[in-house]
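Text of input_19.cif (mmCIF, C-alpha atoms) as supplied:
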data_model
#
loop_
_atom_site.label_atom_id
_atom_site.label_comp_id
_atom_site.auth_asym_id
_atom_site.auth_seq_id
_atom_site.Cartn_x
_atom_site.Cartn_y
_atom_site.Cartn_z
CA MET A 1107 -18.25 5.72 22.43
CA THR A 1108 -15.78 4.46 24.98
CA ALA A 1109 -12.37 3.31 23.81
CA THR A 1110 -13.28 -0.36 24.35
CA ASN A 1111 -16.51 -0.03 22.41
CA LEU A 1112 -14.73 1.80 19.65
CA ASN A 1113 -12.12 -0.94 19.47
CA GLU A 1114 -14.80 -3.64 19.23
CA ALA A 1115 -16.78 -1.66 16.65
CA THR A 1116 -13.69 -1.13 14.51
CA LEU A 1117 -12.93 -4.85 14.74
CA GLN A 1118 -16.42 -5.69 13.51
CA TYR A 1119 -16.11 -3.15 10.73
CA ALA A 1120 -12.81 -4.64 9.57
CA VAL A 1121 -14.42 -8.11 9.60
CA ARG A 1122 -17.31 -6.83 7.47
CA LEU A 1123 -14.94 -5.46 4.87
CA GLY A 1124 -12.87 -8.63 5.06
CA ASP A 1125 -16.00 -10.76 4.55
CA ASP A 1126 -17.00 -8.74 1.47
CA ALA A 1127 -13.56 -9.28 -0.02
CA LEU A 1128 -13.19 -12.97 0.86
CA ILE A 1129 -16.60 -14.02 -0.38
CA LEU A 1130 -16.34 -12.15 -3.67
CA GLY A 1131 -12.77 -13.36 -4.11
CA HIS A 1132 -13.96 -16.94 -3.65
CA ARG A 1133 -16.76 -16.48 -6.18
CA LEU A 1134 -14.25 -15.16 -8.72
CA SER A 1135 -11.83 -17.99 -8.00
CA GLU A 1136 -14.56 -20.45 -9.01
CA TRP A 1137 -13.85 -19.38 -12.60
CA CYS A 1138 -10.32 -20.75 -12.42
CA SER A 1139 -9.92 -23.09 -15.42
CA LYS A 1140 -13.56 -22.45 -16.42
CA ALA A 1141 -13.38 -18.98 -17.98
CA PRO A 1142 -14.36 -18.54 -21.65
CA PHE A 1143 -10.71 -18.45 -22.79
CA LEU A 1144 -7.25 -18.59 -21.32
CA GLU A 1145 -6.46 -14.87 -21.20
CA GLU A 1146 -9.70 -14.12 -19.38
CA ASP A 1147 -9.10 -17.04 -17.03
CA LEU A 1148 -5.83 -15.48 -15.88
CA ALA A 1149 -7.36 -12.02 -15.63
CA LEU A 1150 -10.32 -13.20 -13.53
CA THR A 1151 -8.15 -15.15 -11.14
CA ASN A 1152 -5.83 -12.14 -10.82
CA VAL A 1153 -8.80 -10.13 -9.62
CA ALA A 1154 -9.79 -13.00 -7.32
CA LEU A 1155 -6.32 -12.93 -5.76
CA ASP A 1156 -6.53 -9.16 -5.28
CA TYR A 1157 -9.74 -9.66 -3.32
CA ILE A 1158 -8.38 -12.50 -1.22
CA GLY A 1159 -5.32 -10.37 -0.45
CA ARG A 1160 -7.67 -7.60 0.59
CA ALA A 1161 -9.55 -9.99 2.88
CA ARG A 1162 -6.28 -11.00 4.52
CA MET A 1163 -5.39 -7.38 5.28
CA PHE A 1164 -8.76 -6.65 6.90
CA TYR A 1165 -8.81 -9.93 8.85
CA SER A 1166 -5.24 -9.46 10.07
CA TYR A 1167 -6.16 -6.06 11.38
CA ALA A 1168 -9.30 -7.46 13.04
CA ALA A 1169 -7.19 -10.22 14.61
CA LYS A 1170 -4.76 -7.64 15.95
CA LEU A 1171 -7.61 -5.58 17.42
CA SER A 1172 -9.12 -8.64 19.05
CA GLY A 1173 -5.98 -9.28 21.08
CA ASP A 1174 -7.35 -12.69 22.06
CA GLY A 1175 -5.26 -14.95 19.86
CA ARG A 1176 -7.61 -15.03 16.90
CA SER A 1177 -5.89 -15.02 13.52
CA GLU A 1178 -7.01 -14.16 10.00
CA ASP A 1179 -7.75 -17.88 9.56
CA SER A 1180 -10.14 -17.83 12.53
CA PHE A 1181 -12.23 -15.28 10.70
CA ALA A 1182 -12.07 -16.96 7.30
CA TYR A 1183 -12.39 -20.62 8.23
CA LEU A 1184 -13.96 -20.99 11.66
CA ARG A 1185 -17.14 -18.95 11.53
CA ASP A 1186 -20.53 -20.13 10.33
CA CYS A 1187 -22.99 -18.42 7.96
CA ARG A 1188 -24.74 -16.29 10.54
CA GLU A 1189 -21.42 -14.85 11.69
CA PHE A 1190 -20.47 -13.72 8.19
CA THR A 1191 -21.41 -10.11 7.60
CA ASN A 1192 -20.71 -9.61 3.89
CA LEU A 1193 -23.19 -7.73 1.72
CA LEU A 1194 -25.43 -10.18 -0.14
CA LEU A 1195 -24.36 -8.95 -3.57
CA HIS A 1196 -20.94 -10.55 -3.02
CA GLU A 1197 -22.20 -14.05 -2.23
CA LEU A 1198 -24.64 -14.67 -5.10
CA PRO A 1199 -23.58 -17.69 -7.20
CA ARG A 1200 -21.32 -16.74 -10.05
CA GLY A 1201 -23.97 -17.47 -12.71
CA ASP A 1202 -22.90 -17.12 -16.34
CA PHE A 1203 -20.07 -14.88 -17.50
CA ALA A 1204 -22.44 -11.94 -18.02
CA PHE A 1205 -23.70 -12.28 -14.45
CA THR A 1206 -20.18 -12.39 -13.05
CA MET A 1207 -19.09 -9.32 -15.00
CA ALA A 1208 -22.29 -7.39 -14.22
CA ARG A 1209 -21.85 -8.05 -10.50
CA GLN A 1210 -18.18 -7.17 -10.76
CA TYR A 1211 -18.90 -3.91 -12.50
CA LEU A 1212 -21.53 -2.86 -9.93
CA VAL A 1213 -19.13 -3.78 -7.12
CA ASP A 1214 -16.10 -2.13 -8.75
CA GLU A 1215 -17.86 1.22 -9.20
CA TYR A 1216 -18.76 1.02 -5.53
CA ALA A 1217 -15.43 -0.31 -4.28
CA LEU A 1218 -13.34 2.36 -5.95
CA ALA A 1219 -15.43 5.19 -4.48
CA PHE A 1220 -15.54 3.42 -1.12
CA MET A 1221 -11.78 2.91 -0.92
CA HIS A 1222 -11.17 6.51 -1.95
CA ALA A 1223 -13.35 7.59 0.95
CA LEU A 1224 -11.66 5.14 3.33
CA LEU A 1225 -8.34 6.89 2.59
CA ASP A 1226 -9.62 9.67 4.84
CA SER A 1227 -10.38 7.36 7.76
CA SER A 1228 -8.93 8.51 11.07
CA ASP A 1229 -7.91 4.88 11.57
CA GLN A 1230 -4.42 4.67 10.08
CA GLN A 1231 -4.58 0.93 9.44
CA LEU A 1232 -7.84 1.13 7.51
CA ALA A 1233 -6.56 4.13 5.54
CA GLY A 1234 -3.39 2.18 4.78
CA ILE A 1235 -5.33 -0.81 3.45
CA ALA A 1236 -7.43 1.55 1.34
CA ALA A 1237 -4.30 3.08 -0.18
CA LYS A 1238 -3.17 -0.37 -1.29
CA THR A 1239 -6.53 -1.30 -2.79
CA VAL A 1240 -7.37 1.88 -4.70
CA LYS A 1241 -4.91 1.08 -7.50
CA GLU A 1242 -6.26 -2.45 -7.83
CA SER A 1243 -9.82 -1.22 -7.90
CA LYS A 1244 -9.04 1.24 -10.68
CA TYR A 1245 -7.79 -1.63 -12.79
CA HIS A 1246 -10.75 -3.87 -11.86
CA LEU A 1247 -13.17 -1.17 -12.86
CA ARG A 1248 -11.49 -0.54 -16.19
CA ARG A 1249 -11.76 -4.25 -16.95
CA SER A 1250 -15.33 -4.83 -15.82
CA ARG A 1251 -16.62 -1.64 -17.42
CA ASP A 1252 -15.03 -2.68 -20.69
CA TRP A 1253 -16.83 -6.04 -20.51
CA ILE A 1254 -20.19 -4.36 -19.82
CA LEU A 1255 -19.79 -2.36 -23.03
CA ARG A 1256 -18.65 -5.41 -25.02
CA LEU A 1257 -21.44 -7.68 -23.80
CA GLY A 1258 -24.22 -5.09 -23.79
CA ASP A 1259 -23.42 -3.78 -27.22
CA GLY A 1260 -22.28 -7.17 -28.54
CA THR A 1261 -24.47 -9.94 -29.94
CA ALA A 1262 -28.20 -10.35 -29.30
CA GLU A 1263 -27.42 -13.20 -26.90
CA SER A 1264 -24.72 -11.35 -24.93
CA HIS A 1265 -27.04 -8.34 -24.69
CA GLN A 1266 -29.91 -10.46 -23.40
CA ARG A 1267 -27.73 -12.28 -20.87
CA LEU A 1268 -26.30 -9.03 -19.53
CA GLN A 1269 -29.73 -7.39 -19.28
CA THR A 1270 -31.03 -10.40 -17.35
CA ALA A 1271 -28.01 -10.29 -15.04
CA VAL A 1272 -28.41 -6.58 -14.30
CA ASP A 1273 -32.15 -7.06 -13.65
CA ASP A 1274 -31.44 -9.96 -11.27
CA LEU A 1275 -28.70 -8.06 -9.42
CA TRP A 1276 -30.31 -4.67 -9.09
CA GLY A 1277 -32.30 -5.40 -5.93
CA TYR A 1278 -29.10 -6.38 -4.13
CA THR A 1279 -27.36 -3.06 -4.77
CA HIS A 1280 -29.42 -0.95 -2.35
CA GLU A 1281 -27.83 -2.66 0.62
CA LEU A 1282 -24.43 -1.24 -0.38
CA PHE A 1283 -25.54 2.22 0.66
CA GLU A 1284 -27.30 1.49 3.94
CA LEU A 1285 -25.74 2.10 7.33
CA ASP A 1286 -26.73 0.32 10.50
CA GLU A 1287 -26.10 1.55 14.02
CA LEU A 1288 -22.55 0.24 14.12
CA GLU A 1289 -21.49 1.98 10.94
CA THR A 1290 -23.33 5.17 11.79
CA SER A 1291 -21.42 5.44 15.05
CA LEU A 1292 -18.12 4.68 13.28
CA VAL A 1293 -18.87 7.34 10.67
CA ALA A 1294 -19.42 9.80 13.51
CA ALA A 1295 -16.04 8.78 14.93
CA GLY A 1296 -14.39 9.47 11.57
CA ILE A 1297 -13.41 5.83 11.09
CA ALA A 1298 -15.97 4.33 8.70
CA VAL A 1299 -17.09 5.46 5.26
CA ASP A 1300 -20.54 7.02 4.97
CA SER A 1301 -21.54 4.76 2.11
CA SER A 1302 -24.98 6.37 1.81
CA ALA A 1303 -23.19 9.48 0.51
CA LEU A 1304 -21.65 7.46 -2.32
CA LYS A 1305 -24.97 6.54 -3.91
CA PRO A 1306 -25.67 9.54 -6.20
CA ALA A 1307 -22.25 9.35 -7.89
CA TRP A 1308 -22.46 5.56 -8.12
CA ALA A 1309 -25.93 5.66 -9.66
CA ALA A 1310 -24.86 8.30 -12.19
CA ALA A 1311 -21.74 6.36 -13.23
CA VAL A 1312 -23.66 3.09 -13.55
CA ARG A 1313 -26.38 4.76 -15.58
CA THR A 1314 -23.82 6.26 -17.98
CA THR A 1315 -22.16 2.89 -18.52
CA LEU A 1316 -25.40 0.94 -18.92
CA ASP A 1317 -26.74 3.56 -21.34
CA GLU A 1318 -23.60 3.26 -23.40
CA ALA A 1319 -23.94 -0.53 -23.31
CA THR A 1320 -27.59 -0.22 -24.47
CA ILE A 1321 -28.72 -1.89 -21.25
CA VAL A 1322 -31.91 -0.66 -19.57
CA VAL A 1323 -31.36 0.52 -15.98
CA PRO A 1324 -33.84 -1.44 -13.84
CA ALA A 1325 -36.49 0.34 -11.78
CA ASP A 1326 -35.97 0.36 -8.01
CA GLY A 1327 -38.84 -2.02 -7.45
CA TRP A 1328 -37.57 -4.64 -5.04
CA SER A 1329 -34.65 -4.86 -2.67
CA VAL A 1330 -33.02 -7.44 -0.46
CA ARG A 1331 -30.87 -6.80 2.59
CA GLY A 1332 -29.54 -8.50 5.68
CA GLY A 1333 -25.93 -9.43 4.98
CA ARG A 1334 -24.49 -7.10 7.62
CA GLN A 1335 -26.77 -8.74 10.19
CA GLY A 1336 -25.75 -12.26 9.16
CA MET A 1337 -29.00 -12.98 7.29
CA HIS A 1338 -27.82 -14.59 4.08
CA THR A 1339 -29.05 -16.26 0.93
CA GLU A 1340 -28.89 -20.05 0.88
CA SER A 1341 -25.88 -19.97 -1.40
CA LEU A 1342 -23.46 -18.71 1.27
CA GLY A 1343 -23.66 -22.01 3.17
CA HIS A 1344 -22.66 -23.94 0.06
CA LEU A 1345 -19.81 -21.55 -0.58
CA LEU A 1346 -18.50 -21.86 3.00
CA SER A 1347 -18.73 -25.66 2.95
CA GLU A 1348 -16.23 -25.63 0.12
CA LEU A 1349 -14.11 -22.72 1.35
CA GLN A 1350 -13.81 -24.08 4.89
CA PHE A 1351 -13.67 -27.80 4.19
CA MET A 1352 -9.97 -28.36 4.88
CA GLN A 1353 -9.89 -26.50 8.21
CA ARG A 1354 -13.13 -28.12 9.35
CA ALA A 1355 -12.04 -31.64 8.40
CA TYR A 1356 -8.45 -31.23 9.59
CA PRO A 1357 -8.46 -28.54 12.30
CA GLY A 1358 -5.21 -26.62 12.52
CA LEU A 1359 -3.93 -28.04 9.25
CA GLU A 1360 -0.97 -26.14 7.84
CA TRP A 1361 0.81 -26.41 4.51
CA MET B 568 -14.25 -18.27 -28.42
CA SER B 569 -10.56 -17.57 -28.86
CA GLU B 570 -10.49 -18.99 -32.39
CA HIS B 571 -12.53 -15.97 -33.54
CA MET B 572 -10.20 -13.54 -31.82
CA LYS B 573 -7.13 -11.86 -33.22
CA LEU B 574 -3.63 -12.90 -32.32
CA TYR B 575 -1.28 -10.33 -30.81
CA GLU B 576 2.45 -10.41 -30.12
CA VAL B 577 3.50 -8.97 -26.79
CA PHE B 578 6.68 -6.98 -26.13
CA ILE B 579 7.73 -5.93 -22.66
CA ARG B 580 10.36 -3.51 -21.45
CA SER B 581 11.52 -4.76 -18.11
CA ARG B 582 13.39 -1.65 -16.99
CA ARG B 583 13.83 1.92 -18.12
CA GLY B 584 16.66 2.18 -20.62
CA LEU B 585 16.27 -1.37 -21.93
CA ASP B 586 14.62 -2.43 -25.18
CA HIS B 587 11.21 -4.02 -25.44
CA LYS B 588 11.62 -7.78 -25.75
CA HIS B 589 9.24 -10.23 -27.33
CA VAL B 590 7.71 -12.36 -24.56
CA GLY B 591 4.90 -14.25 -26.28
CA SER B 592 1.48 -13.88 -27.82
CA LEU B 593 -2.17 -13.87 -26.83
CA HIS B 594 -5.70 -13.66 -28.22
CA ALA B 595 -7.91 -10.59 -27.82
CA GLU B 596 -10.81 -8.82 -29.50
CA ASP B 597 -8.88 -5.62 -30.14
CA SER B 598 -5.64 -3.88 -29.24
CA ALA B 599 -7.03 -2.23 -26.10
CA GLN B 600 -8.11 -5.58 -24.71
CA ALA B 601 -4.82 -7.14 -25.79
CA LEU B 602 -2.97 -4.59 -23.68
CA GLU B 603 -5.12 -5.44 -20.64
CA TYR B 604 -4.54 -9.16 -21.09
CA ALA B 605 -0.82 -8.66 -21.65
CA ARG B 606 -0.72 -7.11 -18.21
CA ASP B 607 -2.48 -10.13 -16.70
CA VAL B 608 -0.72 -12.84 -18.65
CA TYR B 609 2.87 -11.55 -18.85
CA THR B 610 3.47 -9.08 -16.00
CA ARG B 611 2.10 -10.98 -13.01
CA ARG B 612 5.45 -10.80 -11.20
CA SER B 613 6.23 -7.17 -12.01
CA GLU B 614 8.22 -8.03 -15.11
CA GLY B 615 7.67 -4.75 -16.89
CA VAL B 616 7.38 -0.99 -16.99
CA SER B 617 6.04 -0.77 -20.52
CA ILE B 618 4.08 -3.07 -22.83
CA TRP B 619 3.67 -3.08 -26.60
CA VAL B 620 1.12 -5.23 -28.36
CA VAL B 621 1.21 -5.73 -32.11
CA ASN B 622 -1.19 -7.52 -34.40
CA SER B 623 0.63 -10.73 -35.32
CA SER B 624 -0.63 -10.36 -38.87
CA ASP B 625 1.19 -7.03 -39.14
CA ILE B 626 4.56 -8.66 -38.67
CA VAL B 627 6.45 -9.31 -41.88
CA ALA B 628 8.93 -12.12 -41.25
CA SER B 629 11.85 -13.47 -43.23
CA GLN B 630 11.36 -17.03 -44.38
CA GLU B 631 13.50 -20.07 -43.62
CA GLY B 632 13.69 -20.75 -47.34
CA ASP B 633 15.23 -17.33 -48.01
CA CYS B 634 18.31 -18.08 -45.90
CA GLU B 635 20.46 -18.78 -48.93
CA SER B 636 19.86 -15.42 -50.56
CA PHE B 637 19.47 -13.43 -47.33
CA TYR B 638 22.37 -14.49 -45.17
CA ASP B 639 24.80 -16.82 -46.93
CA PRO B 640 26.37 -14.13 -49.14
CA LEU B 641 27.59 -12.42 -45.96
CA ASP B 642 29.71 -15.41 -45.01
CA ASP B 643 32.48 -14.51 -47.50
CA LYS B 644 32.65 -10.82 -46.58
CA PRO B 645 34.73 -11.06 -43.40
CA TYR B 646 35.96 -7.49 -43.87
CA ARG B 647 32.56 -6.35 -42.63
CA HIS B 648 33.51 -7.58 -39.15
CA ALA B 649 35.71 -5.40 -36.99
CA THR B 650 37.65 -8.53 -35.98
CA HIS B 651 38.90 -8.83 -39.54
CA TYR B 652 41.32 -5.94 -39.04
CA GLN B 653 44.68 -6.07 -37.32
CA LEU B 654 44.79 -3.23 -34.86
CA PRO B 655 48.01 -1.29 -34.30
CA ASP B 656 49.34 -1.87 -30.79
CA GLU B 657 48.74 1.76 -29.86
CA VAL B 658 44.99 1.18 -30.13
CA ASN B 659 44.05 -0.47 -26.86
CA ASN B 660 40.31 -0.44 -27.14
CA MET B 661 38.00 -0.42 -30.04
#

Taking this structure as input, can you express it in the form of structure tokens?
Amino acid sequence: MTATNLNEATLQYAVRLGDDALILGHRLSEWCSKAPFLEEDLALTNVALDYIGRARMFYSYAAKLSGDGRSEDSFAYLRDCREFTNLLLHELPRGDFAFTMARQYLVDEYALAFMHALLDSSDQQLAGIAAKTVKESKYHLRRSRDWILRLGDGTAESHQRLQTAVDDLWGYTHELFELDELETSLVAAGIAVDSSALKPAWAAAVRTTLDEATIVVPADGWSVRGGRQGMHTESLGHLLSELQFMQRAYPGLEW
Amino acid sequence: MSEHMKLYEVFIRSRRGLDHKHVGSLHAEDSAQALEYARDVYTRRSEGVSIWVVNSSDIVASQEGDCESFYDPLDDKPYRHATHYQLPDEVNNM
């Protein structure tokens, strides 16, 4: 790859990771004041803030790479659905509490391994962001894993809700481990994480947790993909209409 | 949900060398979860380096009504205070 191409590819990669973080952070923030009880409300929104902070770091870096005056806000507020490249798992509506925690657990197992791998990136900025996020992800995982055990091995209703959530989410997890051309070339350049290599350890960890929670691991029957190419579920548009409302209605608004 | 959960008292040590101080309480299913929530509820602005959580029901407290027998008798024993004693001039600090 030429230096210009590499720069553009790295920018797109940073935007992808920023999109993952922003969209999941927004989904978590939707629980603010609606969580089952006060302590959990604060904990969930803490995690939401961690993700939004993560999005800001990736977007800032992308803005710097662009060199054309774009800012982190341009990426967050002024792009439409098809330009967002987050993995679909992150954008699914928050559902009930079991769904939110199941998604969070599946993401946290992935995110911790991913950020560990990103520490070795030859791109110093990306490695630096990873170093900041690894500690957060460890804490997120401890929390979400704990909830999987509590809900799965809790009451008949919490068990049923968690099993349904895991079944509904499973088909969206395959996309986490697939590389397209852009990422394959960045892996070759030592910049991106080869997420396909993370799958065996992820699958083993998830299986151990779900077994312990008495939840049946779904069969790999169906799968959905497309987020990295901007092909999204209908729910992303609704999310963006809320997330972007202020900047769309009052362009350039500051506060 | 929280009415079925146990109440915990939270103590935080803000710096090494200082004592743990009572900062408040919270609800949780068990002590492990209480510790996690204490982190989220009471240390959001890096207030601490160490957290204790204690079942509120495990705290034995003196009662308001016991004041008379607990504390009043000490009022007429001023010799228990160092300030009761006249220090010789040669003793500068005590």

Given the PyMOL selection byres ((chain A) within 7 of (chain B)) and the file above, list the residues it selects as a compact mmCIF listing (two decimals) with C-alpha atoms, in the coordinates of the input.
# COMPACT_ATOMS: atom_id res chain seq x y z
CA PRO A 1142 -14.36 -18.54 -21.65
CA PHE A 1143 -10.71 -18.45 -22.79
CA GLU A 1145 -6.46 -14.87 -21.20
CA LEU A 1148 -5.83 -15.48 -15.88
CA ALA A 1149 -7.36 -12.02 -15.63

Practice item. List the residues selected by the PyMOL selection byres ((chain A and resi 1280-1290) around 7) in the file shown, writing them as a count of residues only. Key: 15

Exercise for review: Please evaluate the PyMOL selection byres ((chain A and resi 1225) around 10) against the displayed coordinates and give the resulting residues as a ChimeraX atom specification.
Suggested key: /A:1220-1224,1226-1240,1297,1299

Check your understanding: What does the distance between atom CA of Asp1174 of chain A and atom CA of Leu1112 of chain A come to in Å, to one decimal place?
Key ->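 Computed distance, atom CA of Asp1174 of chain A to atom CA of Leu1112 of chain A, equals 16.4 Å.
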
Practice item. Rank A:Ala1127, A:Cys1187, A:Val1272, A:Ala1307 by their smallest atom-to-atom distance to Phe1205 of chain A, using all atoms listed in the file, and report the top residue only. Key: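 Looking at the shortest contact to Phe1205 of chain A, the residue is A:Val1272.
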